[in-house]
Amino acid sequence: MNNTRKGLVPRETIDEIRSRSDIVEVISECGIALRPAGRDFKALCPFHTEKTPSFTVSVQKQIFYCFGCQTGGNVISFVQKHEGKSFMETIEWLAERQNIALPTQDARESANQKRLRTLEDLNRFAVEYYHRQLLTERASEPARQYLKRRGVQPKTLRSFQLGYATSGRPELVKVATDKGFTIQQLIDVGLIKDEDKGPQDRFWNRILFPIQNERGVPVGFGGRALSEDHQPKYLNSPATTLYDKSNILYNLDKARQSLYKQQRVLLVEGYMDVLMLYQSGVEHVVASSGTSLSENHARLLKRYVPEVVIVYDGDTSGFQAAQRGLHQLLAEDLRVRVALLPAGEDPDSFTQQHGADAFIELTDKAINLIEFQIQSVIQNRDIHRVDVKTQVVKEVTETLLNLKNRVERSEYIKYAARELRVDERILWEALKDAGFKETSGPRQTSRSKVKPQKLSARAQIEHQLIEALIQNPALLSYVKSQFDCQHFTEPRFAKIAQLLWEADTEGEQMDIQTLINDSGDEALNAFVSSVLLRKTPPPNLQARVEGCLKKLRNFHLQDLEQRVRSHALAEGADEMETLEQLVRLSNERRALRGHDAGVTHDED
């Protein structure tokens, strides 16, 4: 196997980072309240809502597993899933925590990384500077009064590090350059503009909302004008190396843990909507910051939740804004619902007037996409007019085209036909005219629960063999010499077997932690973790392995016999030669009979 991983970090470095990162300490640092349970630790699972702790962490084996939602892995996969980080981001985070230096690819990459870190540091400096201005400067009193009138509490103000840019245009230029940052760096992060009269601060006389990426790194600002004469009302940072609005969702960094627990995200329009909801205890909320949802936004949300509830202002523009982003979300196989606010209300005003519980109740009653599209038309146009009905059918058809689930599509068509008073066949024909091709069945989402199927006798034996190898990797070299991993038939076990076979190199015992790192498959990691956390491993694994191998060889010989017969039938092979082959295979199978010790037919 290659001695490097993603980003060209050597295998030895990854192993060192993992071995020095105690999983109990890391999980505790991520805010999970672990409690001792014998030799292990337990907690309420951070990945689903539960009342009885089923999330188990093993100190000895350095793995975690939830017996409720079947999620598992090691310290690296935990940080990836819980913090929403990529593999390399996780390695960098754990390495920094242990003060382990990571190698870089070349001088060019090193210089670019250094430049990006400097720009990130400049943004952090600006966040702290503007925040301090808001808290302490006399000139910031109007901004403080505005936030107080809007109901923003001091704790929220500090948590989101709100800031204020005073009316003096070159103020940030002065303090930043005094700290050693250059004019070009200030331009590169969008904090200043190079005008005819010299460098000028981009933001002035505005309350500032720092914008972080999903890792919590400040990448830009949103500025709210305090004067109606100061236009535009909201001004965002321009596109920079760090900030691309099509990749950023406001508050995603703070909302991540809540998203995992709630299994859905509330998507609102503005910064204040997020602040007031978060302040009220509604934490699974992010904002698109006034921009249309992009494909990248949809992919970003897909990493955290299976469902998006869009909560936009209860007016015509809100309806239109919601519809623009629907298809991007559907294309990522996300479930999408729309919560309809009363006319003239936004999430901020509604929550302040009616409370957080009423807001949650409203989002719980969010309607599906087809209902939303039809209801929005009924509110604004005469649905009985032929031209209006034709346009609605077109809009509904576009939505149906993006649906991945066949059952949902069929049910939505029935609903739309009933509400629009058209024949279902018209909608099906419209779909076909738009290029729709029926698939063989509904596609499962990554978080869908699939009912376990009973394993065949052969798959049960494969299951037992894989379990034994995970529990005792020292047996792997022997098993490799006796059996080819290509002969596994159950896809799950075939994939694990291939990884095990590849990981076992001459003179080196395979490390199960490395298997978890290399798989990139959550379901596989969960399976491995559940095997390792089994309280009472079967006795005498060597005998069980021998029994499994004999059974699997027998199944393989049966396969070969069937192939010989099929070939003879199809090709008209020599009868005597075919008979000799079948007799030889039959004798081999007979020799295996009576040697099935240690093998039992467990159910999965």
# chains A, B, ... in the order shown; residues from 1 in each chain; ligands from 1
call {"tool": "residues_around", "arguments": {"residues": "A:Arg158", "least_positions_apart": "6", "cutoff": "12 Å", "atoms": "only C-alpha atoms", "output": "PyMOL selection string"}}
result
chain A and resi 127-128+130-132+134-135+152+209-210+275+279
call {"tool": "write_last_selection", "arguments": {"atoms": "N, CA and C atoms", "output": "mmCIF file, in the first residue's frame"}}
result
data_model
loop_
_atom_site.group_PDB
_atom_site.id
_atom_site.type_symbol
_atom_site.label_atom_id
_atom_site.label_comp_id
_atom_site.auth_asym_id
_atom_site.auth_seq_id
_atom_site.Cartn_x
_atom_site.Cartn_y
_atom_site.Cartn_z
ATOM 1 N N VAL A 127 -11.699 41.120 13.026
ATOM 2 C CA VAL A 127 -12.846 40.737 13.854
ATOM 3 C C VAL A 127 -12.672 41.285 15.272
ATOM 4 N N GLU A 128 -11.484 41.074 15.837
ATOM 5 C CA GLU A 128 -11.221 41.534 17.201
ATOM 6 C C GLU A 128 -11.247 43.060 17.284
ATOM 7 N N TYR A 130 -12.883 45.315 15.276
ATOM 8 C CA TYR A 130 -14.238 45.840 15.130
ATOM 9 C C TYR A 130 -15.103 45.487 16.352
ATOM 10 N N HIS A 131 -14.885 44.296 16.919
ATOM 11 C CA HIS A 131 -15.633 43.868 18.102
ATOM 12 C C HIS A 131 -15.301 44.784 19.286
ATOM 13 N N ARG A 132 -14.037 45.076 19.443
ATOM 14 C CA ARG A 132 -13.600 45.972 20.523
ATOM 15 C C ARG A 132 -14.181 47.379 20.327
ATOM 16 N N LEU A 134 -17.023 48.101 18.934
ATOM 17 C CA LEU A 134 -18.434 48.077 19.308
ATOM 18 C C LEU A 134 -18.612 48.109 20.821
ATOM 19 N N LEU A 135 -17.764 47.391 21.539
ATOM 20 C CA LEU A 135 -17.931 47.258 22.978
ATOM 21 C C LEU A 135 -17.479 48.495 23.748
ATOM 22 N N VAL A 152 -30.910 42.045 20.843
ATOM 23 C CA VAL A 152 -29.680 41.246 20.901
ATOM 24 C C VAL A 152 -29.076 41.360 22.293
ATOM 25 N N PHE A 209 -21.096 41.833 10.932
ATOM 26 C CA PHE A 209 -21.317 40.432 11.288
ATOM 27 C C PHE A 209 -20.162 39.616 10.697
ATOM 28 N N PRO A 210 -19.215 39.146 11.523
ATOM 29 C CA PRO A 210 -18.138 38.305 10.979
ATOM 30 C C PRO A 210 -18.711 37.036 10.347
ATOM 31 N N LEU A 275 -29.201 35.183 14.517
ATOM 32 C CA LEU A 275 -28.856 35.624 15.865
ATOM 33 C C LEU A 275 -30.016 35.448 16.840
ATOM 34 N N GLN A 279 -30.205 32.779 19.828
ATOM 35 C CA GLN A 279 -30.355 33.343 21.173
ATOM 36 C C GLN A 279 -31.540 32.722 21.894
#
call {"tool": "closest_atom_pairs", "arguments": {"of": "stretch 242-265 of chain A", "to": "stretch 28-40 of chain A", "cutoff": "12 Å", "atoms": "only C-alpha atoms", "output": "tab-separated table"}}
result
residue	atom	partner	partner_atom	distance
A:Arg256	CA	A:Cys30	CA	11.5
A:Gln257	CA	A:Gly31	CA	9.3
A:Ser258	CA	A:Gly31	CA	11.8
call {"tool": "select_by_dssp", "arguments": {"residues": "stretch 205-274 of chain A", "states": "helix (DSSP H, G or I)", "output": "list in words"}}
result
Leu252, Asp253, Lys254, Ala255, Arg256, Gln257, Ser258, Leu259, Tyr260, Lys261, Gln262, Tyr271, Met272, Asp273 and Val274 of chain A
call {"tool": "closest_residue", "arguments": {"among": "A:Asp364, A:Glu214, A:Glu120, A:Asp201", "to": "A:Arg169", "atoms": "only C-alpha atoms"}}
result
A:Asp201
call {"tool": "closest_residue", "arguments": {"among": "A:Val219, A:Ile367, A:Val308, A:Leu549", "to": "A:Ser481", "atoms": "only C-alpha atoms"}}
result
A:Leu549
call {"tool": "residues_around", "arguments": {"residues": "A:Gln498", "least_positions_apart": "3", "cutoff": "10 Å", "atoms": "only C-alpha atoms", "output": "MDAnalysis selection string"}}
result
chainID A and resid 484:486 488 493:495 501:503
call {"tool": "residues_around", "arguments": {"residues": "A:Asp382", "least_positions_apart": "6", "cutoff": "12 Å", "atoms": "only C-alpha atoms", "output": "JSON, numbers by chain"}}
result
{"A": [374, 375, 376, 388, 389, 390, 391, 392, 420]}
call {"tool": "closest_atom_pairs", "arguments": {"of": "stretch 325-431 of chain A", "to": "stretch 280-296 of chain A", "cutoff": "10 Å", "atoms": "only C-alpha atoms", "output": "JSON lines"}}
result
{"residue": "A:Gly325", "atom": "CA", "partner": "A:Leu293", "partner_atom": "CA", "distance": 4.7}
{"residue": "A:Leu326", "atom": "CA", "partner": "A:Leu293", "partner_atom": "CA", "distance": 8.1}
{"residue": "A:His327", "atom": "CA", "partner": "A:Glu295", "partner_atom": "CA", "distance": 9.2}
{"residue": "A:Gln328", "atom": "CA", "partner": "A:Glu295", "partner_atom": "CA", "distance": 5.4}
{"residue": "A:Leu329", "atom": "CA", "partner": "A:Glu295", "partner_atom": "CA", "distance": 7.6}
{"residue": "A:Ala331", "atom": "CA", "partner": "A:Glu295", "partner_atom": "CA", "distance": 8.4}
{"residue": "A:Glu332", "atom": "CA", "partner": "A:Glu295", "partner_atom": "CA", "distance": 8.3}
{"residue": "A:Thr351", "atom": "CA", "partner": "A:Ser280", "partner_atom": "CA", "distance": 8.0}
{"residue": "A:Gln352", "atom": "CA", "partner": "A:Ser280", "partner_atom": "CA", "distance": 8.8}
{"residue": "A:Gly355", "atom": "CA", "partner": "A:Ser280", "partner_atom": "CA", "distance": 7.9}
{"residue": "A:Ala356", "atom": "CA", "partner": "A:Ser280", "partner_atom": "CA", "distance": 5.9}
{"residue": "A:Asp357", "atom": "CA", "partner": "A:Val282", "partner_atom": "CA", "distance": 9.1}
{"residue": "A:Phe359", "atom": "CA", "partner": "A:Val282", "partner_atom": "CA", "distance": 9.0}
{"residue": "A:Ile360", "atom": "CA", "partner": "A:Val282", "partner_atom": "CA", "distance": 8.0}
call {"tool": "residues_around", "arguments": {"residues": "stretch 171-180 of chain A", "least_positions_apart": "2", "cutoff": "10 Å", "atoms": "only C-alpha atoms", "output": "list of chain:residue names"}}
result
A:Leu122, A:Phe125, A:Ala126, A:Tyr129, A:Tyr130, A:Ala165, A:Thr166, A:Ser167, A:Gly168, A:Arg169, A:Thr182, A:Ile183, A:Gln185, A:Leu186, A:Leu191, A:Ile192, A:Lys193, A:Pro199, A:Gln200, A:Asp201, A:Arg202, A:Phe203, A:Trp204
call {"tool": "atom_distance", "arguments": {"atom1": "atom CA of A:Thr241", "atom2": "atom CA of A:Pro103"}}
result
23.0 Å
call {"tool": "residues_around", "arguments": {"residues": "A:Phe221", "least_positions_apart": "5", "cutoff": "10 Å", "atoms": "only C-alpha atoms", "output": "list in words"}}
result
Asn123, Ala126, Val127, Leu162, Gly163, Val189, Gly190, Leu191, Phe203, Ile207, Leu208, Phe209, Pro210, Ile211, Gln212, Leu235, Asn236, Ser237, Pro238 and Tyr243 of chain A
call {"tool": "closest_residue", "arguments": {"among": "A:Glu96, A:Glu546, A:Asp313, A:Glu361", "to": "A:Leu340", "atoms": "only C-alpha atoms"}}
result
A:Asp313
call {"tool": "atom_distance", "arguments": {"atom1": "atom CA of A:Ser529", "atom2": "atom CA of A:Phe483"}}
result
24.3 Å
call {"tool": "closest_residue", "arguments": {"among": "A:Leu226, A:Asp188, A:Ile383, A:Ile63", "to": "A:Glu141", "atoms": "only C-alpha atoms"}}
result
A:Leu226
call {"tool": "atom_distance", "arguments": {"atom1": "atom CA of A:Ile14", "atom2": "atom CA of A:Asn99"}}
result
13.2 Å
call {"tool": "closest_residue", "arguments": {"among": "A:Leu469, A:Met272, A:Val24, A:Leu362", "to": "A:Leu499", "atoms": "only C-alpha atoms"}}
result
A:Leu469
call {"tool": "decode", "arguments": {"residues": "stretch 383-473 of chain A", "atoms": "C-alpha atoms", "output": "compact mmCIF listing (two decimals), in the first residue's frame"}}
result
# COMPACT_ATOMS: atom_id res chain seq x y z
CA ILE A 383 -55.35 29.00 -10.66
CA HIS A 384 -58.39 28.43 -12.93
CA ARG A 385 -56.88 30.39 -15.82
CA VAL A 386 -55.43 28.12 -18.50
CA ASP A 387 -52.18 30.08 -18.86
CA VAL A 388 -51.63 30.09 -15.06
CA LYS A 389 -52.36 26.38 -14.78
CA THR A 390 -49.97 25.68 -17.67
CA GLN A 391 -47.20 27.66 -15.95
CA VAL A 392 -47.78 25.84 -12.64
CA VAL A 393 -47.58 22.45 -14.37
CA LYS A 394 -44.28 23.55 -15.87
CA GLU A 395 -42.90 24.62 -12.47
CA VAL A 396 -44.12 21.45 -10.75
CA THR A 397 -42.64 19.32 -13.54
CA GLU A 398 -39.22 20.94 -13.02
CA THR A 399 -39.40 20.08 -9.33
CA LEU A 400 -40.49 16.49 -10.01
CA LEU A 401 -37.58 16.05 -12.42
CA ASN A 402 -35.13 16.73 -9.59
CA LEU A 403 -36.72 14.30 -7.13
CA LYS A 404 -34.64 11.15 -6.67
CA ASN A 405 -37.19 9.03 -4.83
CA ARG A 406 -39.73 7.30 -7.08
CA VAL A 407 -42.34 6.84 -4.32
CA GLU A 408 -42.19 10.54 -3.39
CA ARG A 409 -42.50 11.50 -7.04
CA SER A 410 -45.57 9.34 -7.50
CA GLU A 411 -47.27 10.72 -4.38
CA TYR A 412 -46.48 14.32 -5.34
CA ILE A 413 -47.97 13.75 -8.79
CA LYS A 414 -51.20 12.48 -7.22
CA TYR A 415 -51.36 15.51 -4.93
CA ALA A 416 -50.60 18.01 -7.73
CA ALA A 417 -53.16 16.44 -10.06
CA ARG A 418 -55.82 16.64 -7.35
CA GLU A 419 -55.06 20.27 -6.40
CA LEU A 420 -54.71 21.50 -9.99
CA ARG A 421 -57.66 19.42 -11.15
CA VAL A 422 -55.77 17.86 -14.02
CA ASP A 423 -55.37 14.24 -15.02
CA GLU A 424 -52.27 12.52 -13.57
CA ARG A 425 -51.38 11.42 -17.10
CA ILE A 426 -50.84 15.06 -18.08
CA LEU A 427 -48.14 15.41 -15.42
CA TRP A 428 -46.51 12.12 -16.42
CA GLU A 429 -46.50 13.22 -20.05
CA ALA A 430 -45.02 16.60 -19.08
CA LEU A 431 -42.26 14.74 -17.24
CA LYS A 432 -41.49 12.55 -20.25
CA ASP A 433 -41.49 15.57 -22.57
CA ALA A 434 -38.94 17.20 -20.21
CA GLY A 435 -36.61 14.21 -20.58
CA PHE A 436 -37.63 12.13 -17.56
CA LYS A 437 -36.63 8.47 -17.60
CA GLU A 438 -38.01 6.15 -14.94
CA THR A 439 -35.47 4.37 -12.74
CA SER A 440 -35.75 0.89 -11.32
CA GLY A 441 -36.70 2.15 -7.87
CA PRO A 442 -36.32 4.82 -5.21
CA ARG A 443 -32.76 5.71 -4.31
CA GLN A 444 -31.87 5.42 -0.67
CA THR A 445 -30.35 8.51 0.95
CA SER A 446 -27.12 8.08 2.85
CA ARG A 447 -28.97 8.35 6.18
CA SER A 448 -31.95 6.15 5.28
CA LYS A 449 -32.46 3.16 7.52
CA VAL A 450 -32.56 -0.03 5.50
CA LYS A 451 -34.19 -3.07 7.09
CA PRO A 452 -31.48 -5.71 7.65
CA GLN A 453 -31.86 -8.74 5.42
CA LYS A 454 -31.24 -12.27 6.60
CA LEU A 455 -27.88 -13.50 5.40
CA SER A 456 -27.53 -16.63 3.31
CA ALA A 457 -25.64 -19.58 4.82
CA ARG A 458 -22.56 -18.64 2.78
CA ALA A 459 -22.73 -14.95 3.78
CA GLN A 460 -22.99 -16.00 7.45
CA ILE A 461 -19.72 -17.89 7.13
CA GLU A 462 -18.08 -14.91 5.40
CA HIS A 463 -19.38 -12.73 8.24
CA GLN A 464 -17.81 -14.99 10.87
CA LEU A 465 -14.48 -15.09 9.08
CA ILE A 466 -14.30 -11.29 8.74
CA GLU A 467 -15.22 -10.86 12.41
CA ALA A 468 -12.47 -13.27 13.48
CA LEU A 469 -9.86 -11.42 11.41
CA ILE A 470 -10.89 -8.06 12.86
CA GLN A 471 -10.72 -9.45 16.39
CA ASN A 472 -7.34 -11.07 15.76
CA PRO A 473 -5.43 -9.55 12.80
